[in-house]
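Q: Structure file input-v5.cif (mmCIF, C-alpha atoms, pLDDT in the B column; chains and numbers go by the auth columns) is given on the next line.
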data_model
loop_
_atom_site.group_PDB
_atom_site.id
_atom_site.type_symbol
_atom_site.label_atom_id
_atom_site.label_comp_id
_atom_site.label_asym_id
_atom_site.label_seq_id
_atom_site.Cartn_x
_atom_site.Cartn_y
_atom_site.Cartn_z
_atom_site.B_iso_or_equiv
_atom_site.auth_seq_id
_atom_site.auth_asym_id
ATOM 1 C CA MET A 1 -8.233 6.252 82.996 71.00 1 A
ATOM 2 C CA GLU A 2 -9.794 3.454 80.990 71.00 2 A
ATOM 3 C CA ILE A 3 -10.146 3.144 77.234 76.00 3 A
ATOM 4 C CA VAL A 4 -13.184 1.118 76.248 78.00 4 A
ATOM 5 C CA ASP A 5 -14.538 -0.380 73.037 83.00 5 A
ATOM 6 C CA LEU A 6 -17.638 1.359 71.796 90.00 6 A
ATOM 7 C CA ASP A 7 -19.685 1.505 68.610 93.00 7 A
ATOM 8 C CA LEU A 8 -21.200 4.979 68.520 93.00 8 A
ATOM 9 C CA THR A 9 -23.495 3.991 65.655 93.00 9 A
ATOM 10 C CA SER A 10 -25.189 1.441 67.930 95.00 10 A
ATOM 11 C CA GLU A 11 -27.580 2.753 70.558 95.00 11 A
ATOM 12 C CA ARG A 12 -27.359 -0.651 72.308 96.00 12 A
ATOM 13 C CA SER A 13 -23.551 -0.445 72.501 96.00 13 A
ATOM 14 C CA VAL A 14 -23.690 3.021 74.061 96.00 14 A
ATOM 15 C CA LEU A 15 -26.491 2.108 76.487 96.00 15 A
ATOM 16 C CA ASP A 16 -24.673 -1.058 77.598 96.00 16 A
ATOM 17 C CA LEU A 17 -21.465 0.846 78.256 95.00 17 A
ATOM 18 C CA ALA A 18 -23.312 3.574 80.155 95.00 18 A
ATOM 19 C CA ALA A 19 -24.975 0.897 82.298 94.00 19 A
ATOM 20 C CA ASP A 20 -21.555 -0.657 83.027 93.00 20 A
ATOM 21 C CA ILE A 21 -19.478 2.430 83.790 92.00 21 A
ATOM 22 C CA GLY A 22 -21.729 5.519 83.660 90.00 22 A
ATOM 23 C CA ALA A 23 -21.915 5.959 87.424 88.00 23 A
ATOM 24 C CA LYS A 24 -18.106 5.979 87.659 89.00 24 A
ATOM 25 C CA VAL A 25 -17.310 8.428 84.850 89.00 25 A
ATOM 26 C CA GLU A 26 -15.792 11.686 86.078 89.00 26 A
ATOM 27 C CA VAL A 27 -14.502 12.989 82.760 92.00 27 A
ATOM 28 C CA LEU A 28 -15.904 11.825 79.446 94.00 28 A
ATOM 29 C CA ILE A 29 -13.816 12.694 76.398 93.00 29 A
ATOM 30 C CA ASN A 30 -15.781 12.434 73.179 93.00 30 A
ATOM 31 C CA THR A 31 -13.423 11.607 70.320 88.00 31 A
ATOM 32 C CA ALA A 32 -16.143 10.631 67.833 85.00 32 A
ATOM 33 C CA ASP A 33 -15.000 11.345 64.319 81.00 33 A
ATOM 34 C CA HIS A 34 -15.495 9.926 60.861 76.00 34 A
ATOM 35 C CA VAL A 35 -13.266 11.649 58.331 75.00 35 A
ATOM 36 C CA ARG A 36 -14.117 10.718 54.766 74.00 36 A
ATOM 37 C CA PRO A 37 -13.409 12.717 51.617 75.00 37 A
ATOM 38 C CA ALA A 38 -16.340 13.874 49.508 73.00 38 A
ATOM 39 C CA GLN A 39 -17.043 16.483 46.911 77.00 39 A
ATOM 40 C CA LEU A 40 -20.341 18.297 47.357 79.00 40 A
ATOM 41 C CA PHE A 41 -21.553 17.694 43.806 83.00 41 A
ATOM 42 C CA ASP A 42 -20.566 14.002 43.615 83.00 42 A
ATOM 43 C CA ALA A 43 -23.452 11.545 43.396 83.00 43 A
ATOM 44 C CA SER A 44 -22.128 9.606 46.414 84.00 44 A
ATOM 45 C CA ALA A 45 -21.758 12.692 48.657 86.00 45 A
ATOM 46 C CA ALA A 46 -25.126 12.191 50.349 91.00 46 A
ATOM 47 C CA ASN A 47 -24.101 8.712 51.512 91.00 47 A
ATOM 48 C CA THR A 48 -20.807 10.013 52.868 88.00 48 A
ATOM 49 C CA VAL A 49 -22.582 12.823 54.695 89.00 49 A
ATOM 50 C CA ARG A 50 -25.122 10.381 56.164 93.00 50 A
ATOM 51 C CA ASP A 51 -22.372 8.044 57.446 93.00 51 A
ATOM 52 C CA THR A 52 -20.319 10.906 58.850 90.00 52 A
ATOM 53 C CA MET A 53 -23.311 12.448 60.612 93.00 53 A
ATOM 54 C CA ASP A 54 -24.299 9.076 62.058 95.00 54 A
ATOM 55 C CA HIS A 55 -20.831 8.441 63.480 94.00 55 A
ATOM 56 C CA THR A 56 -19.974 11.957 64.585 95.00 56 A
ATOM 57 C CA VAL A 57 -23.155 13.896 65.360 96.00 57 A
ATOM 58 C CA MET A 58 -25.520 11.073 66.260 96.00 58 A
ATOM 59 C CA GLY A 59 -22.629 9.406 68.110 96.00 59 A
ATOM 60 C CA LEU A 60 -22.384 12.487 70.324 97.00 60 A
ATOM 61 C CA MET A 61 -26.176 12.488 70.724 97.00 61 A
ATOM 62 C CA ARG A 62 -26.173 8.824 71.785 97.00 62 A
ATOM 63 C CA LEU A 63 -23.400 9.514 74.307 97.00 63 A
ATOM 64 C CA ALA A 64 -25.266 12.533 75.657 97.00 64 A
ATOM 65 C CA GLN A 65 -28.510 10.639 76.105 97.00 65 A
ATOM 66 C CA SER A 66 -26.835 7.662 77.780 96.00 66 A
ATOM 67 C CA PHE A 67 -24.161 9.298 79.943 96.00 67 A
ATOM 68 C CA GLY A 68 -25.495 12.836 80.423 95.00 68 A
ATOM 69 C CA PRO A 69 -28.314 12.131 82.896 94.00 69 A
ATOM 70 C CA VAL A 70 -26.077 9.983 85.113 92.00 70 A
ATOM 71 C CA MET A 71 -23.265 12.556 85.118 92.00 71 A
ATOM 72 C CA ARG A 72 -25.713 15.400 85.850 91.00 72 A
ATOM 73 C CA ALA A 73 -27.299 13.465 88.723 89.00 73 A
ATOM 74 C CA ARG A 74 -23.908 12.680 90.270 81.00 74 A
ATOM 75 C CA GLY A 75 -22.895 16.319 90.107 70.00 75 A
ATOM 76 C CA ALA A 76 -26.191 17.472 91.596 67.00 76 A
ATOM 77 C CA ASP A 77 -25.696 14.998 94.474 70.00 77 A
ATOM 78 C CA GLY A 78 -22.394 16.678 95.335 67.00 78 A
ATOM 79 C CA VAL A 79 -20.219 13.862 94.030 65.00 79 A
ATOM 80 C CA ALA A 80 -16.896 14.929 92.467 62.00 80 A
ATOM 81 C CA ALA A 81 -17.463 17.513 89.757 62.00 81 A
ATOM 82 C CA ALA A 82 -17.575 15.906 86.371 86.00 82 A
ATOM 83 C CA ALA A 83 -16.590 17.230 82.967 94.00 83 A
ATOM 84 C CA TRP A 84 -17.463 16.430 79.389 96.00 84 A
ATOM 85 C CA VAL A 85 -14.877 17.181 76.712 97.00 85 A
ATOM 86 C CA ASN A 86 -15.683 17.262 73.003 98.00 86 A
ATOM 87 C CA ILE A 87 -12.758 17.151 70.612 97.00 87 A
ATOM 88 C CA LEU A 88 -13.867 19.200 67.624 97.00 88 A
ATOM 89 C CA SER A 89 -12.179 20.365 64.468 94.00 89 A
ATOM 90 C CA VAL A 90 -11.573 24.099 64.451 96.00 90 A
ATOM 91 C CA HIS A 91 -13.306 23.942 61.080 92.00 91 A
ATOM 92 C CA ALA A 92 -16.564 23.598 62.983 95.00 92 A
ATOM 93 C CA LEU A 93 -16.240 27.387 63.139 96.00 93 A
ATOM 94 C CA SER A 94 -15.444 27.930 59.459 93.00 94 A
ATOM 95 C CA SER A 95 -15.677 25.212 56.829 90.00 95 A
ATOM 96 C CA ASP A 96 -12.615 23.785 55.138 86.00 96 A
ATOM 97 C CA PRO A 97 -13.779 22.926 51.585 84.00 97 A
ATOM 98 C CA GLN A 98 -11.203 20.142 51.362 82.00 98 A
ATOM 99 C CA PHE A 99 -12.946 18.498 54.336 82.00 99 A
ATOM 100 C CA GLY A 100 -16.438 19.933 53.915 86.00 100 A
ATOM 101 C CA VAL A 101 -18.329 16.928 55.308 91.00 101 A
ATOM 102 C CA HIS A 102 -16.022 16.855 58.328 87.00 102 A
ATOM 103 C CA SER A 103 -16.496 20.595 58.875 91.00 103 A
ATOM 104 C CA ALA A 104 -20.283 20.313 58.643 94.00 104 A
ATOM 105 C CA ALA A 105 -20.399 17.395 61.085 95.00 105 A
ATOM 106 C CA HIS A 106 -18.261 19.247 63.604 96.00 106 A
ATOM 107 C CA ALA A 107 -20.356 22.405 63.217 96.00 107 A
ATOM 108 C CA ALA A 108 -23.401 20.312 64.109 97.00 108 A
ATOM 109 C CA CYS A 109 -21.485 18.843 67.061 97.00 109 A
ATOM 110 C CA LEU A 110 -20.648 22.344 68.251 98.00 110 A
ATOM 111 C CA SER A 111 -24.322 23.266 68.312 97.00 111 A
ATOM 112 C CA LEU A 112 -25.181 19.999 70.054 97.00 112 A
ATOM 113 C CA SER A 113 -22.376 20.634 72.540 97.00 113 A
ATOM 114 C CA GLN A 114 -23.827 24.031 73.422 97.00 114 A
ATOM 115 C CA TRP A 115 -27.210 22.378 74.005 97.00 115 A
ATOM 116 C CA LEU A 116 -25.533 19.700 76.111 97.00 116 A
ATOM 117 C CA ARG A 117 -23.839 22.399 78.176 96.00 117 A
ATOM 118 C CA THR A 118 -27.225 23.872 79.148 97.00 118 A
ATOM 119 C CA GLN A 119 -28.521 20.434 80.109 96.00 119 A
ATOM 120 C CA LEU A 120 -25.504 19.447 82.218 95.00 120 A
ATOM 121 C CA ARG A 121 -24.966 22.800 83.951 92.00 121 A
ATOM 122 C CA PRO A 122 -27.610 22.120 86.697 90.00 122 A
ATOM 123 C CA GLY A 123 -25.535 19.133 87.809 90.00 123 A
ATOM 124 C CA GLY A 124 -22.304 21.106 87.839 90.00 124 A
ATOM 125 C CA VAL A 125 -20.913 19.189 84.862 93.00 125 A
ATOM 126 C CA ARG A 126 -18.600 21.354 82.790 94.00 126 A
ATOM 127 C CA VAL A 127 -18.609 20.982 79.014 96.00 127 A
ATOM 128 C CA ILE A 128 -15.371 21.841 77.260 97.00 128 A
ATOM 129 C CA ASN A 129 -14.892 22.095 73.505 98.00 129 A
ATOM 130 C CA ALA A 130 -11.324 21.435 72.402 98.00 130 A
ATOM 131 C CA PHE A 131 -11.023 22.919 68.912 98.00 131 A
ATOM 132 C CA ALA A 132 -8.022 21.378 67.201 95.00 132 A
ATOM 133 C CA GLY A 133 -6.244 22.014 63.960 88.00 133 A
ATOM 134 C CA PRO A 134 -5.516 19.000 61.752 87.00 134 A
ATOM 135 C CA LEU A 135 -4.476 16.051 63.869 81.00 135 A
ATOM 136 C CA ASP A 136 -1.376 14.027 63.112 82.00 136 A
ATOM 137 C CA THR A 137 -3.387 11.008 61.941 72.00 137 A
ATOM 138 C CA GLU A 138 -3.702 8.998 58.741 71.00 138 A
ATOM 139 C CA TRP A 139 -6.824 10.908 57.630 66.00 139 A
ATOM 140 C CA PHE A 140 -4.956 14.208 57.467 67.00 140 A
ATOM 141 C CA GLN A 141 -1.824 12.987 55.676 72.00 141 A
ATOM 142 C CA ILE A 142 -2.519 15.249 52.695 74.00 142 A
ATOM 143 C CA VAL A 143 -2.696 18.324 54.932 70.00 143 A
ATOM 144 C CA PRO A 144 0.622 20.167 55.225 73.00 144 A
ATOM 145 C CA PRO A 145 2.100 20.908 58.673 77.00 145 A
ATOM 146 C CA PRO A 146 1.601 22.134 61.272 86.00 146 A
ATOM 147 C CA LYS A 147 -0.430 19.299 62.729 86.00 147 A
ATOM 148 C CA VAL A 148 -1.480 18.576 66.296 90.00 148 A
ATOM 149 C CA ALA A 149 0.222 15.630 67.966 92.00 149 A
ATOM 150 C CA PRO A 150 -1.999 13.485 70.218 91.00 150 A
ATOM 151 C CA LYS A 151 0.130 14.370 73.270 95.00 151 A
ATOM 152 C CA ALA A 152 -0.269 18.100 72.606 96.00 152 A
ATOM 153 C CA LEU A 153 -4.035 17.648 72.398 95.00 153 A
ATOM 154 C CA ALA A 154 -4.103 15.644 75.641 95.00 154 A
ATOM 155 C CA ASP A 155 -1.924 18.219 77.439 97.00 155 A
ATOM 156 C CA ALA A 156 -4.169 21.072 76.256 97.00 156 A
ATOM 157 C CA ILE A 157 -7.284 19.253 77.485 97.00 157 A
ATOM 158 C CA ILE A 158 -5.745 18.642 80.907 96.00 158 A
ATOM 159 C CA ASP A 159 -4.721 22.294 81.101 97.00 159 A
ATOM 160 C CA GLY A 160 -8.217 23.413 80.063 96.00 160 A
ATOM 161 C CA LEU A 161 -9.794 21.192 82.716 94.00 161 A
ATOM 162 C CA LYS A 162 -7.485 22.570 85.411 94.00 162 A
ATOM 163 C CA ARG A 163 -8.171 26.160 84.368 95.00 163 A
ATOM 164 C CA GLY A 164 -11.933 25.702 84.099 93.00 164 A
ATOM 165 C CA LEU A 165 -12.088 26.785 80.454 96.00 165 A
ATOM 166 C CA GLU A 166 -15.109 26.148 78.234 96.00 166 A
ATOM 167 C CA ASP A 167 -13.372 26.444 74.861 97.00 167 A
ATOM 168 C CA ILE A 168 -9.742 25.755 74.058 98.00 168 A
ATOM 169 C CA TYR A 169 -7.863 26.095 70.775 98.00 169 A
ATOM 170 C CA VAL A 170 -5.159 23.518 70.205 97.00 170 A
ATOM 171 C CA GLY A 171 -2.384 23.952 67.682 95.00 171 A
ATOM 172 C CA ASP A 172 -1.216 26.792 65.474 96.00 172 A
ATOM 173 C CA VAL A 173 -3.953 26.322 62.865 93.00 173 A
ATOM 174 C CA ALA A 174 -6.731 26.443 65.471 95.00 174 A
ATOM 175 C CA ARG A 175 -5.339 29.483 67.251 97.00 175 A
ATOM 176 C CA ASP A 176 -4.749 31.313 63.960 95.00 176 A
ATOM 177 C CA LEU A 177 -8.225 30.569 62.598 93.00 177 A
ATOM 178 C CA HIS A 178 -9.861 31.576 65.879 96.00 178 A
ATOM 179 C CA ALA A 179 -7.998 34.899 65.906 96.00 179 A
ATOM 180 C CA ARG A 180 -8.874 35.597 62.274 94.00 180 A
ATOM 181 C CA LEU A 181 -12.537 34.762 62.886 95.00 181 A
ATOM 182 C CA LEU A 182 -12.639 37.219 65.762 96.00 182 A
ATOM 183 C CA ASP A 183 -11.117 39.878 63.505 95.00 183 A
ATOM 184 C CA ASN A 184 -13.119 39.369 60.287 95.00 184 A
ATOM 185 C CA PRO A 185 -15.281 36.245 59.913 93.00 185 A
ATOM 186 C CA LYS A 186 -16.468 37.081 56.394 92.00 186 A
ATOM 187 C CA ALA A 187 -12.895 37.461 55.161 93.00 187 A
ATOM 188 C CA VAL A 188 -12.114 33.981 56.518 91.00 188 A
ATOM 189 C CA GLU A 189 -15.164 32.592 54.696 89.00 189 A
ATOM 190 C CA ARG A 190 -14.090 34.189 51.409 88.00 190 A
ATOM 191 C CA GLU A 191 -10.519 32.897 51.781 88.00 191 A
ATOM 192 C CA ALA A 192 -11.651 29.278 52.287 81.00 192 A
ATOM 193 C CA GLY A 193 -10.558 27.024 49.477 65.00 193 A
ATOM 194 C CA GLN A 194 -8.244 29.520 47.816 65.00 194 A
#
I'd like the structure from this file rewritten - as structure tokens, please.

A:
Amino acid sequence: MEIVDLDLTSERSVLDLAADIGAKVEVLINTADHVRPAQLFDASAANTVRDTMDHTVMGLMRLAQSFGPVMRARGADGVAAAAWVNILSVHALSSDPQFGVHSAAHAACLSLSQWLRTQLRPGGVRVINAFAGPLDTEWFQIVPPPKVAPKALADAIIDGLKRGLEDIYVGDVARDLHARLLDNPKAVEREAGQ
């Protein structure tokens, strides 16, 4: 495993990295995120949304365009099966008003991830979405427990890869929200922000 520096807002940065290591990547884990508070009706909200979408959604798009074709070609050539993992907030499935911009960006990433899955499937590249509850990071300090520790997220991703899953739900919040959405999605929507 290698952690590399990357600026997802720079197409050049992503292209350069893909040129350097793209042919060697077996599992790409997309951790793109840009958590910033915003209120929908604030004058500055549009700027926050633009920045968040550029980092999170367009970051995923830049990764897909730079790494996807190489990973698909390797898989189609019979080289070790590759996987793409997107770490997404479970609030991609149902918005959290406290983190509305974050929820919207991750909802867009979910849709993009589903598109990516169709594009990578011919090369045997699996796309996994790891839906997590609030992570134990500085950006979610105001969120009460339970939170997802980085090790728990990593362990869940490894387990999902081994089991060949497409979607995994990490942490109590993610599993609870997923179950409630399966039961009554409109009730979950009405409860948001209460």

Q: What does the PyMOL selection byres ((chain A and resi 148) around 6) select in this file, as a list in words?

A: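 What the PyMOL selection byres ((chain A and resi 148) around 6) grabs from the file is Leu135, Asp136, Lys147, Ala149 and Gly171 of chain A.
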
Q: Please determine, counting all atoms listed in the file, which residue among A:Leu161, A:Ala154, A:Met53, A:Ala105 has the shortest atom-to-atom distance to Glu26 in chain A.

A: A:Leu161

Q: Evaluating the PyMOL selection byres ((chain A and resi 51) around 12) on the displayed file yields which residues, as a ChimeraX atom specification?

A: /A:8-9,33-38,44-50,52-59,101-102,105

Q: Taking the file as shown, what set of residues would the PyMOL selection byres ((chain A and resi 3) around 12) give back, as JSON, numbers by chain?

A: {"A": [1, 2, 4, 5, 6, 17, 21, 25, 28, 29, 30, 31]}

Q: Write to file, as a PDB file, keeping the file's coordinate frame, the residues of the selection just made, with C-alpha atoms.

A:
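Contents of the output file part_38.pdb:
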ATOM      1  CA  MET A   1      -8.233   6.252  82.996  1.00 71.00           C
ATOM      2  CA  GLU A   2      -9.794   3.454  80.990  1.00 71.00           C
ATOM      3  CA  VAL A   4     -13.184   1.118  76.248  1.00 78.00           C
ATOM      4  CA  ASP A   5     -14.538  -0.380  73.037  1.00 83.00           C
ATOM      5  CA  LEU A   6     -17.638   1.359  71.796  1.00 90.00           C
ATOM      6  CA  LEU A  17     -21.465   0.846  78.256  1.00 95.00           C
ATOM      7  CA  ILE A  21     -19.478   2.430  83.790  1.00 92.00           C
ATOM      8  CA  VAL A  25     -17.310   8.428  84.850  1.00 89.00           C
ATOM      9  CA  LEU A  28     -15.904  11.825  79.446  1.00 94.00           C
ATOM     10  CA  ILE A  29     -13.816  12.694  76.398  1.00 93.00           C
ATOM     11  CA  ASN A  30     -15.781  12.434  73.179  1.00 93.00           C
ATOM     12  CA  THR A  31     -13.423  11.607  70.320  1.00 88.00           C
TER      13      THR A  31
END

Q: Given the choices A:Asp7, A:Asp167, A:Asp183, A:Asp16, which gets closest to Leu88 in chain A if the distance is worked out from only C-alpha atoms?

A: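 Looking at the shortest contact to Leu88 in chain A, the residue is A:Asp167.
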
Q: Identify which of the residues A:Met71, A:Leu110, A:Ala192, A:Leu60 lies closest to Lys24 in chain A, counting only C-alpha atoms when measuring atom-to-atom distances.

A: A:Met71

Q: Can you tell me which residues surround Phe67 in chain A at a distance of at most 10 Å, considering all atoms listed in the file, apart from same-chain residues fewer than 2 positions away, and format the answer as a list of chain:residue names?

A: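 These residues fall inside the cut-off: A:Val14, A:Leu15, A:Leu17, A:Ala18, A:Ala19, A:Ile21, A:Gly22, A:Ala23, A:Val25, A:Leu28, A:Met61, A:Arg62, A:Leu63, A:Ala64, A:Gln65, A:Pro69, A:Val70, A:Met71, A:Arg72, A:Trp84.
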
Q: Suppose you want the space between CA of Ser94 in chain A and CA of Asp42 in chain A; what is it in Å?

A: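 Calculated distance between CA of Ser94 in chain A and CA of Asp42 in chain A is 21.7 Å.
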
Q: Smallest atom-to-atom distance to Leu165 in chain A: which of A:Asn184, A:Thr137, A:Asn86, A:Asn129, using only C-alpha atoms?

A: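 Smallest distance to Leu165 in chain A is found for A:Asn129.
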
Q: Between A:Ala152, A:Ala174, A:Val125, A:Val27, which residue has the minimum interatomic distance to Ala92 in chain A, considering all atoms listed in the file?

A: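 Between A:Ala152, A:Ala174, A:Val125, A:Val27, the residue approaching Ala92 in chain A most closely is A:Ala174.
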
Q: Suppose you want the space between CA of Lys186 in chain A and CA of Ala32 in chain A; what is it in Å?

A: 28.8 Å

Q: Please compute the CA of His106 in chain A-CA of Val90 in chain A distance, one decimal, in Å.

A: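 Straight-line distance from CA of His106 in chain A to CA of Val90 in chain A works out to 8.3 Å.
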
Q: Using only C-alpha atoms, pick whichever of A:Lys151, A:His91, A:Arg74, A:Arg163 has the shortest atom-to-atom distance to Pro122 in chain A.

A: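 Residue with the minimum atom-to-atom distance to Pro122 in chain A: A:Arg74.
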
Q: Could you add the missing atoms to range 27-50 of chain A, up to N, CA and C atoms, and return them as a PDB file, in the coordinates of the input?

A:
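Result written to selection_0.pdb:
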ATOM      1  N   VAL A  27     -14.782  12.173  83.940  1.00 92.00           N
ATOM      2  CA  VAL A  27     -14.502  12.989  82.760  1.00 92.00           C
ATOM      3  C   VAL A  27     -14.730  12.114  81.535  1.00 92.00           C
ATOM      4  N   LEU A  28     -15.648  12.532  80.688  1.00 94.00           N
ATOM      5  CA  LEU A  28     -15.904  11.825  79.446  1.00 94.00           C
ATOM      6  C   LEU A  28     -15.282  12.644  78.317  1.00 94.00           C
ATOM      7  N   ILE A  29     -14.439  12.013  77.529  1.00 93.00           N
ATOM      8  CA  ILE A  29     -13.816  12.694  76.398  1.00 93.00           C
ATOM      9  C   ILE A  29     -14.367  12.082  75.122  1.00 93.00           C
ATOM     10  N   ASN A  30     -15.157  12.865  74.416  1.00 93.00           N
ATOM     11  CA  ASN A  30     -15.781  12.434  73.179  1.00 93.00           C
ATOM     12  C   ASN A  30     -14.807  12.646  72.020  1.00 93.00           C
ATOM     13  N   THR A  31     -14.355  11.545  71.443  1.00 88.00           N
ATOM     14  CA  THR A  31     -13.423  11.607  70.320  1.00 88.00           C
ATOM     15  C   THR A  31     -14.091  11.183  69.014  1.00 88.00           C
ATOM     16  N   ALA A  32     -15.414  11.111  69.014  1.00 85.00           N
ATOM     17  CA  ALA A  32     -16.143  10.631  67.833  1.00 85.00           C
ATOM     18  C   ALA A  32     -15.753  11.419  66.598  1.00 85.00           C
ATOM     19  N   ASP A  33     -15.379  10.699  65.568  1.00 81.00           N
ATOM     20  CA  ASP A  33     -15.000  11.345  64.319  1.00 81.00           C
ATOM     21  C   ASP A  33     -15.095  10.321  63.199  1.00 81.00           C
ATOM     22  N   HIS A  34     -15.361  10.802  62.028  1.00 76.00           N
ATOM     23  CA  HIS A  34     -15.495   9.926  60.861  1.00 76.00           C
ATOM     24  C   HIS A  34     -15.079  10.760  59.651  1.00 76.00           C
ATOM     25  N   VAL A  35     -13.805  10.806  59.402  1.00 75.00           N
ATOM     26  CA  VAL A  35     -13.266  11.649  58.331  1.00 75.00           C
ATOM     27  C   VAL A  35     -13.276  10.867  57.030  1.00 75.00           C
ATOM     28  N   ARG A  36     -14.057  11.339  56.085  1.00 74.00           N
ATOM     29  CA  ARG A  36     -14.117  10.718  54.766  1.00 74.00           C
ATOM     30  C   ARG A  36     -14.166  11.818  53.727  1.00 74.00           C
ATOM     31  N   PRO A  37     -13.401  11.683  52.662  1.00 75.00           N
ATOM     32  CA  PRO A  37     -13.409  12.717  51.617  1.00 75.00           C
ATOM     33  C   PRO A  37     -14.700  12.652  50.807  1.00 75.00           C
ATOM     34  N   ALA A  38     -15.160  13.798  50.380  1.00 73.00           N
ATOM     35  CA  ALA A  38     -16.340  13.874  49.508  1.00 73.00           C
ATOM     36  C   ALA A  38     -16.339  15.225  48.826  1.00 73.00           C
ATOM     37  N   GLN A  39     -16.833  15.235  47.639  1.00 77.00           N
ATOM     38  CA  GLN A  39     -17.043  16.483  46.911  1.00 77.00           C
ATOM     39  C   GLN A  39     -18.544  16.746  46.907  1.00 77.00           C
ATOM     40  N   LEU A  40     -18.936  17.955  47.183  1.00 79.00           N
ATOM     41  CA  LEU A  40     -20.341  18.297  47.357  1.00 79.00           C
ATOM     42  C   LEU A  40     -21.215  17.847  46.190  1.00 79.00           C
ATOM     43  N   PHE A  41     -20.727  17.976  44.967  1.00 83.00           N
ATOM     44  CA  PHE A  41     -21.553  17.694  43.806  1.00 83.00           C
ATOM     45  C   PHE A  41     -21.430  16.253  43.299  1.00 83.00           C
ATOM     46  N   ASP A  42     -20.659  15.413  43.998  1.00 83.00           N
ATOM     47  CA  ASP A  42     -20.566  14.002  43.615  1.00 83.00           C
ATOM     48  C   ASP A  42     -21.854  13.273  43.973  1.00 83.00           C
ATOM     49  N   ALA A  43     -22.226  12.310  43.165  1.00 83.00           N
ATOM     50  CA  ALA A  43     -23.452  11.545  43.396  1.00 83.00           C
ATOM     51  C   ALA A  43     -23.414  10.804  44.731  1.00 83.00           C
ATOM     52  N   SER A  44     -22.241  10.381  45.172  1.00 84.00           N
ATOM     53  CA  SER A  44     -22.128   9.606  46.414  1.00 84.00           C
ATOM     54  C   SER A  44     -21.995  10.482  47.663  1.00 84.00           C
ATOM     55  N   ALA A  45     -21.979  11.797  47.510  1.00 86.00           N
ATOM     56  CA  ALA A  45     -21.758  12.692  48.657  1.00 86.00           C
ATOM     57  C   ALA A  45     -22.812  12.522  49.738  1.00 86.00           C
ATOM     58  N   ALA A  46     -24.060  12.322  49.340  1.00 91.00           N
ATOM     59  CA  ALA A  46     -25.126  12.191  50.349  1.00 91.00           C
ATOM     60  C   ALA A  46     -24.883  10.993  51.255  1.00 91.00           C
ATOM     61  N   ASN A  47     -24.390   9.892  50.694  1.00 91.00           N
ATOM     62  CA  ASN A  47     -24.101   8.712  51.512  1.00 91.00           C
ATOM     63  C   ASN A  47     -22.956   8.977  52.476  1.00 91.00           C
ATOM     64  N   THR A  48     -21.942   9.677  52.007  1.00 88.00           N
ATOM     65  CA  THR A  48     -20.807  10.013  52.868  1.00 88.00           C
ATOM     66  C   THR A  48     -21.251  10.921  53.999  1.00 88.00           C
ATOM     67  N   VAL A  49     -22.071  11.909  53.665  1.00 89.00           N
ATOM     68  CA  VAL A  49     -22.582  12.823  54.695  1.00 89.00           C
ATOM     69  C   VAL A  49     -23.405  12.040  55.717  1.00 89.00           C
ATOM     70  N   ARG A  50     -24.275  11.168  55.262  1.00 93.00           N
ATOM     71  CA  ARG A  50     -25.122  10.381  56.164  1.00 93.00           C
ATOM     72  C   ARG A  50     -24.258   9.554  57.125  1.00 93.00           C
TER      73      ARG A  50
END
